[in-house]
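Trainee: I am attaching a structure below and will ask some questions about it afterwards.
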Amino acid sequence: MLSDYGIINIWTYIVGTVIIILLPGPNSLFVLATSASRGVRVGYQAACGVFLGDSILMALTAGGAASVLRVLPVLFIALKVMGALYLCYLGARLIQSAWHQQPEAHHLEVGSSGSRFHKALLLSLLNPKAILFFLSFFVQFVDPAYAHPVVSFFILALILQAFSLIYLSVLIFGGARLASAFRRRPGLARLGSSLTGVLFLGFAAKLALEK
């Protein structure tokens, strides 16, 4: 069926997509921390930022941005540094808030609720490796003989976003359940916030050091 739209090995693609989405990363961790601190509604605000950021990156991939990053390695390095610095900023804020929050704030803090969408969007966009990954992953399932590869990329992107929505929804509702436990145990909230901050710092180091 999807072969008519230039897509091959669709079930292999679906299995690979599920595995990739389940791998822990800063985007999913940010959504989880947001829902644990502000609830389901704000958690979905952060998720929408991730969806929009990933959609922009996938559109850039289809438009050939990955080739530009390969031709201009300085641009790629600059984006990597910016992404690593932003992850460091988020990690430091989480650790700081864990030990300087008010007594009644027994939850993870990752900024004001109004900024969750924009922070998640920026977090997603400041990942140049995602563009290269999307190209290297998607291209394996696009028939090179198909006349309209943009259509193939679009369908593959929709499938990925559908699975991402399901996974992030599980994290959002799971985070909301954690919030009640954090309100009862402020020490647990501080520990969770600190560990999340450390993970963000680890993601920053990984992004900066990987070739």
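Following the order of the structure tokens, first chain is A, next is B, and so on, with residues numbered from 1 inside each chain and ligands from 1 in the order they appear.
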Residues at most 9 Å from Leu79 (chain A), counting only C-alpha atoms, excluding those fewer than 6 positions away in the same chain, as a PyMOL selection string?
Mentor: chain A and resi 126-128
Trainee: Please provide as a PyMOL selection string all residues within 8 Å of region 45-60 of chain A, with the sequence filter that same-chain residues fewer than 4 positions apart are discarded (counting only C-alpha atoms).
Mentor: chain A and resi 27+30-31+34+41+64-66+116-125+130-131+134+157+161+165+168
Trainee: Considering only C-alpha atoms, return as a count of residues only whatever protein or nucleic-acid residues lie within 9 Å of Ala92 (chain A), sequence-local ones (same chain, fewer than 2 positions apart) excluded.
Mentor: 13
Trainee: What's around Ala162 (chain A) at 12 Å? Count only C-alpha atoms, leave out sequence neighbours fewer than 2 positions away in its own chain, and write the answer as a compact mmCIF listing (two decimals) with N, CA and C atoms, in the first residue's frame.
Mentor:
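Result file is out_20.txt:
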```txt
# COMPACT_ATOMS: atom_id res chain seq x y z
N ILE A 14 8.84 0.83 11.12
CA ILE A 14 8.01 0.99 12.33
C ILE A 14 8.74 0.43 13.55
N THR A 17 11.53 2.78 14.42
CA THR A 17 11.00 4.02 14.99
C THR A 17 10.64 3.84 16.46
N VAL A 18 9.98 2.74 16.78
CA VAL A 18 9.60 2.48 18.17
C VAL A 18 10.83 2.39 19.06
N ILE A 21 12.38 5.92 19.54
CA ILE A 21 11.58 6.79 20.41
C ILE A 21 11.73 6.39 21.87
N PHE A 51 7.13 18.43 19.27
CA PHE A 51 6.56 18.04 17.98
C PHE A 51 6.92 19.06 16.90
N SER A 55 9.33 18.46 13.75
CA SER A 55 8.74 18.64 12.42
C SER A 55 9.59 19.58 11.58
N ILE A 155 5.16 11.16 4.85
CA ILE A 155 4.45 10.02 5.44
C ILE A 155 5.27 9.39 6.55
N LEU A 156 6.57 9.21 6.32
CA LEU A 156 7.44 8.64 7.35
C LEU A 156 7.47 9.54 8.59
N ALA A 157 7.48 10.85 8.38
CA ALA A 157 7.48 11.78 9.50
C ALA A 157 6.18 11.68 10.29
N LEU A 158 5.04 11.54 9.60
CA LEU A 158 3.76 11.40 10.29
C LEU A 158 3.73 10.15 11.17
N ILE A 159 4.27 9.06 10.65
CA ILE A 159 4.31 7.82 11.43
C ILE A 159 5.16 8.01 12.68
N LEU A 160 6.33 8.62 12.52
CA LEU A 160 7.21 8.85 13.67
C LEU A 160 6.54 9.74 14.71
N SER A 164 5.55 9.06 18.60
CA SER A 164 6.09 10.00 19.58
C SER A 164 4.98 10.55 20.46
N LEU A 165 3.82 10.84 19.86
CA LEU A 165 2.68 11.34 20.64
C LEU A 165 2.24 10.32 21.68
N ILE A 166 2.17 9.06 21.29
CA ILE A 166 1.76 8.01 22.23
C ILE A 166 2.77 7.92 23.38
N TYR A 167 4.05 7.91 23.05
CA TYR A 167 5.09 7.77 24.08
C TYR A 167 5.11 8.97 25.02
N LEU A 168 5.05 10.18 24.46
CA LEU A 168 5.08 11.37 25.31
C LEU A 168 3.82 11.47 26.17
N SER A 169 2.69 10.99 25.66
CA SER A 169 1.46 10.99 26.47
C SER A 169 1.63 10.08 27.69
```
